[in-house]
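So this one's upload_29.cif, mmCIF, C-alpha atoms:
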```cif
data_model
loop_
_atom_site.group_PDB
_atom_site.id
_atom_site.type_symbol
_atom_site.label_atom_id
_atom_site.label_comp_id
_atom_site.auth_asym_id
_atom_site.auth_seq_id
_atom_site.Cartn_x
_atom_site.Cartn_y
_atom_site.Cartn_z
ATOM 1 C CA MET A 10 57.907 34.058 -168.585
ATOM 2 C CA PRO A 11 61.270 32.701 -167.264
ATOM 3 C CA VAL A 12 61.423 28.943 -166.809
ATOM 4 C CA CYS A 13 64.235 26.999 -165.099
ATOM 5 C CA ARG A 14 65.801 24.461 -167.462
ATOM 6 C CA LYS A 15 67.075 22.362 -164.544
ATOM 7 C CA ALA A 16 63.648 21.380 -163.285
ATOM 8 C CA THR A 17 63.413 17.612 -162.998
ATOM 9 C CA ARG A 18 59.688 17.318 -163.597
ATOM 10 C CA LYS A 19 58.671 17.456 -167.252
ATOM 11 C CA THR A 20 56.416 20.215 -168.362
ATOM 12 C CA THR A 21 52.849 19.204 -169.007
ATOM 13 C CA GLN A 22 49.815 20.860 -170.498
ATOM 14 C CA VAL A 23 46.525 21.682 -168.902
ATOM 15 C CA ILE A 24 43.437 21.654 -171.060
ATOM 16 C CA SER A 25 40.081 22.961 -170.013
ATOM 17 C CA GLY A 26 37.166 24.603 -171.706
ATOM 18 C CA TRP A 27 33.367 27.547 -172.357
ATOM 19 C CA THR A 28 30.148 28.203 -174.521
ATOM 20 C CA GLY A 29 29.438 31.766 -175.487
ATOM 21 C CA LYS A 30 31.115 34.596 -177.367
ATOM 22 C CA ILE A 31 34.559 35.993 -176.745
ATOM 23 C CA PRO A 32 34.493 39.623 -175.592
ATOM 24 C CA ASP A 33 36.089 42.182 -177.852
ATOM 25 C CA SER A 34 38.827 44.517 -176.645
ATOM 26 C CA LYS A 35 36.233 46.575 -174.776
ATOM 27 C CA GLY A 36 34.802 43.507 -173.062
ATOM 28 C CA CYS A 37 31.297 43.762 -174.499
ATOM 29 C CA ARG A 38 30.342 40.340 -175.829
ATOM 30 C CA LEU A 39 31.148 36.694 -175.590
ATOM 31 C CA SER A 40 32.482 33.917 -178.645
ATOM 32 C CA THR A 41 33.086 30.161 -179.528
ATOM 33 C CA ALA A 42 35.140 27.129 -178.748
ATOM 34 C CA GLY A 43 38.708 26.071 -178.410
ATOM 35 C CA PHE A 44 41.374 24.917 -175.993
ATOM 36 C CA GLU A 45 43.528 26.606 -173.445
ATOM 37 C CA THR A 46 46.958 25.094 -172.924
ATOM 38 C CA ARG A 47 49.324 26.276 -170.251
ATOM 39 C CA ASN A 48 52.746 24.874 -169.443
ATOM 40 C CA HIS A 49 53.621 24.311 -165.838
ATOM 41 C CA THR A 50 56.940 23.309 -164.349
ATOM 42 C CA GLN A 51 58.300 22.339 -161.018
ATOM 43 C CA GLN A 52 58.868 25.494 -158.969
ATOM 44 C CA PHE A 53 62.070 24.302 -157.324
ATOM 45 C CA SER A 54 65.158 22.845 -158.921
ATOM 46 C CA ASN A 55 66.453 19.730 -157.163
ATOM 47 C CA ARG A 56 70.008 20.674 -158.075
ATOM 48 C CA THR A 57 70.098 24.338 -157.108
ATOM 49 C CA GLY A 58 67.163 24.642 -154.718
ATOM 50 C CA LYS A 59 66.470 28.021 -156.315
ATOM 51 C CA ARG A 60 62.870 29.149 -156.481
ATOM 52 C CA MET A 61 61.679 29.802 -160.028
ATOM 53 C CA ASP A 62 59.651 32.815 -161.105
ATOM 54 C CA SER A 63 57.386 30.714 -163.322
ATOM 55 C CA VAL A 64 53.701 29.954 -162.939
ATOM 56 C CA GLN A 65 52.707 26.463 -161.854
ATOM 57 C CA LEU A 66 49.305 25.287 -163.036
ATOM 58 C CA ARG A 67 47.602 22.014 -162.215
ATOM 59 C CA ASN A 68 44.025 21.301 -163.285
ATOM 60 C CA ASP A 69 43.878 24.911 -164.471
ATOM 61 C CA THR A 70 44.285 26.379 -160.971
ATOM 62 C CA VAL A 71 46.235 29.515 -160.248
ATOM 63 C CA THR A 72 49.699 29.849 -158.887
ATOM 64 C CA GLU A 73 51.340 31.789 -156.153
ATOM 65 C CA ARG A 74 52.091 34.456 -158.716
ATOM 66 C CA PRO A 75 49.452 37.228 -158.451
ATOM 67 C CA THR A 76 47.095 37.724 -161.378
ATOM 68 C CA LYS A 77 48.076 40.586 -163.670
ATOM 69 C CA TRP A 78 44.734 41.742 -165.043
ATOM 70 C CA HIS A 79 46.098 43.427 -168.156
ATOM 71 C CA GLU A 80 48.244 40.389 -169.017
ATOM 72 C CA VAL A 81 45.354 37.898 -169.136
ATOM 73 C CA ASP A 82 44.794 36.203 -172.509
ATOM 74 C CA TRP A 83 40.992 36.598 -172.583
ATOM 75 C CA PRO A 84 40.275 34.678 -175.819
ATOM 76 C CA LYS A 85 42.070 31.623 -174.391
ATOM 77 C CA ALA A 86 40.219 31.934 -171.079
ATOM 78 C CA TYR A 87 36.805 32.031 -172.765
ATOM 79 C CA LYS A 88 37.666 29.193 -175.112
ATOM 80 C CA ALA A 89 38.893 27.085 -172.196
ATOM 81 C CA VAL A 90 35.630 27.457 -170.273
ATOM 82 C CA GLU A 91 33.589 26.869 -173.425
ATOM 83 C CA LYS A 92 35.340 23.576 -174.078
ATOM 84 C CA LEU A 93 34.699 22.388 -170.536
ATOM 85 C CA ARG A 94 31.029 23.431 -170.716
ATOM 86 C CA ARG A 95 30.605 21.389 -173.899
ATOM 87 C CA ARG A 96 32.150 18.360 -172.233
ATOM 88 C CA ILE A 97 29.691 18.669 -169.322
ATOM 89 C CA PHE A 98 26.820 19.008 -171.808
ATOM 90 C CA ARG A 99 27.850 15.878 -173.743
ATOM 91 C CA ALA A 100 28.456 13.819 -170.602
ATOM 92 C CA THR A 101 24.955 14.711 -169.366
ATOM 93 C CA GLN A 102 23.403 13.658 -172.672
ATOM 94 C CA GLU A 103 25.270 10.352 -172.459
ATOM 95 C CA GLY A 104 24.128 9.786 -168.862
ATOM 96 C CA ASP A 105 27.705 9.515 -167.557
ATOM 97 C CA TRP A 106 27.038 11.136 -164.173
ATOM 98 C CA LYS A 107 30.425 10.333 -162.680
ATOM 99 C CA LYS A 108 32.075 12.153 -165.549
ATOM 100 C CA VAL A 109 29.637 15.053 -165.156
ATOM 101 C CA LYS A 110 30.605 15.469 -161.493
ATOM 102 C CA ASP A 111 34.317 15.186 -162.274
ATOM 103 C CA LEU A 112 34.040 17.845 -164.971
ATOM 104 C CA GLN A 113 32.012 20.102 -162.694
ATOM 105 C CA ARG A 114 34.710 19.788 -160.030
ATOM 106 C CA LEU A 115 37.228 20.803 -162.655
ATOM 107 C CA MET A 116 35.075 23.772 -163.631
ATOM 108 C CA LEU A 117 34.766 24.952 -160.022
ATOM 109 C CA ARG A 118 38.567 24.875 -159.687
ATOM 110 C CA SER A 119 39.246 26.349 -163.123
ATOM 111 C CA TYR A 120 41.429 29.459 -163.193
ATOM 112 C CA SER A 121 39.863 30.512 -166.490
ATOM 113 C CA ASN A 122 36.389 30.187 -164.972
ATOM 114 C CA ARG A 123 37.389 32.428 -162.073
ATOM 115 C CA LEU A 124 38.825 34.979 -164.468
ATOM 116 C CA ILE A 125 35.747 35.336 -166.655
ATOM 117 C CA SER A 126 33.363 35.193 -163.677
ATOM 118 C CA VAL A 127 35.188 38.063 -161.973
ATOM 119 C CA ARG A 128 35.293 39.978 -165.251
ATOM 120 C CA GLN A 129 31.580 39.495 -165.809
ATOM 121 C CA ALA A 130 30.659 40.613 -162.288
ATOM 122 C CA THR A 131 33.078 43.536 -161.919
ATOM 123 C CA GLN A 132 33.586 44.836 -165.455
ATOM 124 C CA LEU A 133 30.845 43.782 -167.879
ATOM 125 C CA ASN A 134 27.585 43.647 -165.917
ATOM 126 C CA ARG A 135 25.460 46.785 -165.745
ATOM 127 C CA GLY A 136 25.334 46.483 -161.950
ATOM 128 C CA LYS A 137 29.120 46.486 -161.548
ATOM 129 C CA ASN A 138 28.999 49.935 -159.924
ATOM 130 C CA THR A 139 26.194 49.027 -157.498
ATOM 131 C CA PRO A 140 27.598 47.908 -154.131
ATOM 132 C CA GLY A 141 26.075 45.218 -151.930
ATOM 133 C CA THR A 142 26.340 45.015 -148.166
ATOM 134 C CA ASP A 143 30.145 44.742 -148.530
ATOM 135 C CA LYS A 144 30.113 48.266 -150.061
ATOM 136 C CA LEU A 145 32.546 47.153 -152.783
ATOM 137 C CA ALA A 146 32.077 48.492 -156.317
ATOM 138 C CA LYS A 147 34.001 50.091 -159.182
ATOM 139 C CA LEU A 148 36.954 47.742 -158.773
ATOM 140 C CA GLY A 149 40.134 48.584 -160.659
ATOM 141 C CA PRO A 150 42.408 46.105 -162.481
ATOM 142 C CA GLU A 151 44.563 45.377 -159.417
ATOM 143 C CA ASP A 152 41.504 44.780 -157.224
ATOM 144 C CA ARG A 153 40.000 42.424 -159.823
ATOM 145 C CA GLY A 154 43.224 40.428 -159.878
ATOM 146 C CA ARG A 155 43.180 40.156 -156.094
ATOM 147 C CA VAL A 156 39.574 38.922 -156.183
ATOM 148 C CA VAL A 157 40.562 36.214 -158.701
ATOM 149 C CA ASP A 158 43.406 35.059 -156.465
ATOM 150 C CA SER A 159 41.301 35.155 -153.282
ATOM 151 C CA LEU A 160 38.646 32.908 -154.851
ATOM 152 C CA LYS A 161 41.199 30.124 -155.259
ATOM 153 C CA ASN A 162 41.018 29.190 -151.573
ATOM 154 C CA HIS A 163 37.508 30.446 -150.873
ATOM 155 C CA LYS A 164 35.924 27.805 -148.632
ATOM 156 C CA SER A 165 32.627 29.309 -147.494
ATOM 157 C CA TRP A 166 29.687 28.816 -149.838
ATOM 158 C CA LYS A 167 27.300 30.567 -147.478
ATOM 159 C CA PRO A 168 26.175 33.835 -149.131
ATOM 160 C CA ILE A 169 26.552 37.206 -147.460
ATOM 161 C CA PRO A 170 23.187 38.923 -146.776
ATOM 162 C CA THR A 171 22.047 41.001 -149.745
ATOM 163 C CA ARG A 172 21.401 44.707 -149.793
ATOM 164 C CA ARG A 173 17.650 45.348 -150.248
ATOM 165 C CA ILE A 174 16.506 48.147 -152.561
ATOM 166 C CA TYR A 175 13.145 48.936 -154.152
ATOM 167 C CA ILE A 176 12.652 49.664 -157.851
ATOM 168 C CA PRO A 177 9.579 51.628 -159.031
ATOM 169 C CA LYS A 178 7.146 49.748 -161.302
ATOM 170 C CA SER A 179 4.917 51.150 -164.051
ATOM 171 C CA ASN A 180 1.798 50.653 -161.878
ATOM 172 C CA GLY A 181 3.178 52.868 -159.134
ATOM 173 C CA LYS A 182 4.259 50.027 -156.845
ATOM 174 C CA LYS A 183 7.831 49.127 -155.967
ATOM 175 C CA ARG A 184 9.593 45.841 -156.641
ATOM 176 C CA PRO A 185 12.103 44.600 -154.019
ATOM 177 C CA LEU A 186 15.555 43.697 -155.305
ATOM 178 C CA GLY A 187 18.454 42.114 -153.437
ATOM 179 C CA ILE A 188 21.986 43.239 -154.382
ATOM 180 C CA PRO A 189 24.586 40.502 -153.640
ATOM 181 C CA SER A 190 28.133 41.232 -152.570
ATOM 182 C CA ILE A 191 30.911 41.248 -155.178
ATOM 183 C CA ILE A 192 32.288 37.895 -153.964
ATOM 184 C CA ASP A 193 28.853 36.276 -154.162
ATOM 185 C CA ARG A 194 28.338 37.598 -157.698
ATOM 186 C CA CYS A 195 31.655 36.068 -158.737
ATOM 187 C CA LEU A 196 30.775 32.760 -157.066
ATOM 188 C CA GLN A 197 27.409 32.774 -158.851
ATOM 189 C CA GLY A 198 29.235 33.049 -162.172
ATOM 190 C CA ILE A 199 31.615 30.215 -161.271
ATOM 191 C CA VAL A 200 28.785 27.897 -160.230
ATOM 192 C CA LYS A 201 26.650 28.894 -163.219
ATOM 193 C CA ASN A 202 29.282 27.633 -165.657
ATOM 194 C CA ALA A 203 29.322 24.282 -163.847
ATOM 195 C CA LEU A 204 25.540 23.821 -163.572
ATOM 196 C CA GLU A 205 24.151 25.498 -166.695
ATOM 197 C CA PRO A 206 25.466 23.037 -169.317
ATOM 198 C CA GLN A 207 24.214 20.079 -167.268
ATOM 199 C CA TRP A 208 20.655 21.399 -167.082
ATOM 200 C CA GLU A 209 20.636 22.769 -170.628
ATOM 201 C CA ALA A 210 21.066 19.178 -171.790
ATOM 202 C CA THR A 211 17.814 18.129 -170.062
ATOM 203 C CA PHE A 212 15.538 21.193 -170.324
ATOM 204 C CA GLU A 213 12.519 21.305 -172.637
ATOM 205 C CA PRO A 214 13.531 22.327 -176.175
ATOM 206 C CA THR A 215 10.518 24.663 -176.404
ATOM 207 C CA SER A 216 11.279 26.749 -173.287
ATOM 208 C CA TYR A 217 12.932 30.108 -173.902
ATOM 209 C CA GLY A 218 12.986 32.069 -170.637
ATOM 210 C CA PHE A 219 16.320 32.784 -168.899
ATOM 211 C CA ARG A 220 18.275 30.421 -171.142
ATOM 212 C CA PRO A 221 21.576 31.137 -172.941
ATOM 213 C CA GLY A 222 21.257 31.869 -176.640
ATOM 214 C CA ARG A 223 17.441 32.177 -176.510
ATOM 215 C CA SER A 224 15.124 35.165 -176.438
ATOM 216 C CA THR A 225 11.522 36.280 -176.909
ATOM 217 C CA HIS A 226 12.163 36.392 -180.667
ATOM 218 C CA ASP A 227 12.752 32.628 -180.646
ATOM 219 C CA ALA A 228 9.482 32.083 -178.773
ATOM 220 C CA ARG A 229 7.644 34.328 -181.233
ATOM 221 C CA GLN A 230 9.065 32.411 -184.188
ATOM 222 C CA ARG A 231 8.008 29.125 -182.589
ATOM 223 C CA ILE A 232 4.444 30.394 -182.173
ATOM 224 C CA PHE A 233 4.371 31.538 -185.796
ATOM 225 C CA GLN A 234 5.553 28.133 -187.030
ATOM 226 C CA ASN A 235 2.805 26.412 -185.009
ATOM 227 C CA ILE A 236 -0.123 28.551 -186.173
ATOM 228 C CA LYS A 237 0.732 29.322 -189.791
ATOM 229 C CA GLY A 238 -1.059 27.529 -192.621
ATOM 230 C CA ASP A 239 -4.653 26.437 -193.191
ATOM 231 C CA ARG A 240 -4.287 22.889 -191.917
ATOM 232 C CA THR A 241 -2.908 23.616 -188.483
ATOM 233 C CA ARG A 242 -5.134 23.079 -185.462
ATOM 234 C CA LYS A 243 -3.122 25.257 -183.107
ATOM 235 C CA TRP A 244 -5.075 28.506 -183.387
ATOM 236 C CA TRP A 245 -4.804 29.680 -179.796
ATOM 237 C CA VAL A 246 -2.086 31.240 -177.623
ATOM 238 C CA PHE A 247 -2.210 31.113 -173.827
ATOM 239 C CA GLU A 248 -0.374 33.846 -171.918
ATOM 240 C CA ALA A 249 -0.039 33.835 -168.132
ATOM 241 C CA ASP A 250 1.723 36.021 -165.611
ATOM 242 C CA ILE A 251 2.367 34.315 -162.279
ATOM 243 C CA SER A 252 2.125 36.893 -159.515
ATOM 244 C CA GLY A 253 5.162 36.914 -157.212
ATOM 245 C CA CYS A 254 6.671 33.795 -158.800
ATOM 246 C CA PHE A 255 10.273 34.282 -157.683
ATOM 247 C CA ASP A 256 9.216 35.802 -154.356
ATOM 248 C CA ASN A 257 7.157 32.771 -153.340
ATOM 249 C CA ILE A 258 8.782 29.842 -155.127
ATOM 250 C CA ALA A 259 9.782 26.961 -152.822
ATOM 251 C CA HIS A 260 13.579 26.718 -152.568
ATOM 252 C CA LYS A 261 13.840 23.260 -150.969
ATOM 253 C CA PRO A 262 12.677 21.257 -154.032
ATOM 254 C CA LEU A 263 15.147 23.212 -156.163
ATOM 255 C CA LEU A 264 18.005 22.505 -153.741
ATOM 256 C CA ASP A 265 16.994 18.829 -153.603
ATOM 257 C CA LYS A 266 17.390 18.700 -157.383
ATOM 258 C CA LEU A 267 20.994 19.860 -157.037
ATOM 259 C CA GLY A 268 21.792 17.068 -154.577
ATOM 260 C CA LYS A 269 25.181 17.513 -152.897
ATOM 261 C CA PHE A 270 26.422 20.140 -155.324
ATOM 262 C CA PRO A 271 28.767 21.910 -154.673
ATOM 263 C CA GLN A 272 29.838 20.212 -151.410
ATOM 264 C CA TRP A 273 31.655 17.471 -153.330
ATOM 265 C CA ARG A 274 33.671 20.030 -155.335
ATOM 266 C CA ASN A 275 36.872 19.195 -153.437
ATOM 267 C CA GLY A 276 36.125 15.508 -152.982
#
```
Any chance you could put this one into structure tokens?
Amino acid sequence: MPVCRKATRKTTQVISGWTGKIPDSKGCRLSTAGFETRNHTQQFSNRTGKRMDSVQLRNDTVTERPTKWHEVDWPKAYKAVEKLRRRIFRATQEGDWKKVKDLQRLMLRSYSNRLISVRQATQLNRGKNTPGTDKLAKLGPEDRGRVVDSLKNHKSWKPIPTRRIYIPKSNGKKRPLGIPSIIDRCLQGIVKNALEPQWEATFEPTSYGFRPGRSTHDARQRIFQNIKGDRTRKWWVFEADISGCFDNIAHKPLLDKLGKFPQWRNG
């Protein structure tokens, strides 16, 4: 990447960070921690006034140069988001809420976060070929790069109406399912990386549903540890299925828990 040597501003480094597993060359799975460093320089030389063809990054945000999908360094992007997620997790455990909000702002503006969120929504997820009401699906590399760049200045956090479909159930009934637009799926991924580490630091250690790195096998092992042996008193298991839980759950208390997030993201 050409860089003008006459730039008056010194180059600096941007460090950000993610928790998961780095995808392989086929983009199947995620990996573990590290840093992402990117040099950025002043785009104009004070002496020549000539515009440089380099990329300028500040707080890990993208440049005017369009994203080249096949040129992205994916291991660095995943490691960058992982590092930032760990910092949010630690700040929450320490009760430093100002730092938590600052780091979440950084995550919402992170170029690496946008990259992996777009990749997850448009390339890795099983529903990548299912369009929402925007009728966008099966995006190619150039389209994915344009989505990444468009999310930089995306101001509206109001979701587009979902496309409603019905999935057959084993009992003969049909379950309603809302399909979000591509942009909303990408925004969900961006926000998830900002919120998930904060709440993971405060959730019950014995809950296993819909949590990263946990599964039904972990819950089964926990039950086995509690009931094994002759001296244990925990000889019963209670199983419950709440009918229409996500269809009828109250949204206002959940939104109240989030406070002003993400309205203060640019504050």
Within 10 Å of stretch 255-261 of chain A using all atoms listed in the file, minus same-chain residues under 5 positions, as an MDAnalysis selection string: chainID A and resid 185 266:267
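Distance-wise, atom CA of A:Asn202 and atom CA of A:Lys110 end up 12.9 Å apart.
Put simply, atom CA of A:Leu93 is 13.6 Å away from atom CA of A:Ile125.
Residues captured in this structure file are Trp27, Val90, Leu93, Arg94, Ile97, Phe98, Val109, Lys110, Leu112, Gln113, Arg114, Leu115, Met116, Leu117, Asn122, Gly198, Ile199, Val200, Lys201, Asn202, Leu204, Glu205, Pro206, Gln207, Trp208, Phe270 and Pro271 of chain A, according to the PyMOL selection byres ((chain A and resi 203) around 10).
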Between atom CA of A:Lys183 and atom CA of A:Ile169, distance in Å (one decimal):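 The value is 23.8 Å.
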Selected residue of minimal separation from A:Ser126 among A:Ser252, A:Thr139, A:Ser190, A:Gln197, counting only C-alpha atoms: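 For A:Ser126, the nearest of the candidates is A:Gln197.
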Best match for closeness to A:Lys88 among A:Arg231, A:Thr101, A:Asp152, A:Ser121, counting all atoms listed in the file: A:Ser121
Residue contacts of A:Arg123 (9 Å, only C-alpha atoms) excluding same-chain residues fewer than 3 positions away, as a list in words: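 These residues fall inside the cut-off: Leu117, Arg118, Ser119, Tyr120, Ser126, Val127, Arg128, Val157, Asp158, Leu160, Lys161, Cys195, Leu196, Gly198 and Ile199 of chain A.
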For the selection just defined, write its residues with C-alpha atoms to a file, as a short mmCIF file (atom, residue, chain, number, x, y, z; two decimals), keeping the file's coordinate frame.
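Below is the file that was written, part25.cif:
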```cif
data_model
loop_
_atom_site.label_atom_id
_atom_site.label_comp_id
_atom_site.auth_asym_id
_atom_site.auth_seq_id
_atom_site.Cartn_x
_atom_site.Cartn_y
_atom_site.Cartn_z
CA LEU A 117 34.77 24.95 -160.02
CA ARG A 118 38.57 24.88 -159.69
CA SER A 119 39.25 26.35 -163.12
CA TYR A 120 41.43 29.46 -163.19
CA SER A 126 33.36 35.19 -163.68
CA VAL A 127 35.19 38.06 -161.97
CA ARG A 128 35.29 39.98 -165.25
CA VAL A 157 40.56 36.21 -158.70
CA ASP A 158 43.41 35.06 -156.46
CA LEU A 160 38.65 32.91 -154.85
CA LYS A 161 41.20 30.12 -155.26
CA CYS A 195 31.66 36.07 -158.74
CA LEU A 196 30.78 32.76 -157.07
CA GLY A 198 29.24 33.05 -162.17
CA ILE A 199 31.62 30.22 -161.27
#
```
First collect every listed atom of stretch 167-175 of chain A; then fit an axis-aligned box around them, widen it by 4 Å on each side, and give centre and edge lengths in Å to one decimal, as lines of an AutoDock Vina configuration file.
```
center_x = 20.2
center_y = 39.8
center_z = -150.5
size_x = 22.2
size_y = 26.4
size_z = 15.4
```
Identify, on the basis of only C-alpha atoms, every residue whose closest approach to A:Arg172 does not exceed 8 Å; exclude the query and any residue fewer than 6 positions from it along the same chain; express the result as a PDB file with C-alpha atoms, in the frame of the given file.
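Resulting contents of around.pdb:
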```
ATOM      1  CA  GLY A 141      26.075  45.218-151.930  1.00  0.00           C
ATOM      2  CA  THR A 142      26.340  45.015-148.166  1.00  0.00           C
ATOM      3  CA  GLY A 187      18.454  42.114-153.437  1.00  0.00           C
ATOM      4  CA  ILE A 188      21.986  43.239-154.382  1.00  0.00           C
ATOM      5  CA  PRO A 189      24.586  40.502-153.640  1.00  0.00           C
TER       6      PRO A 189
END
```
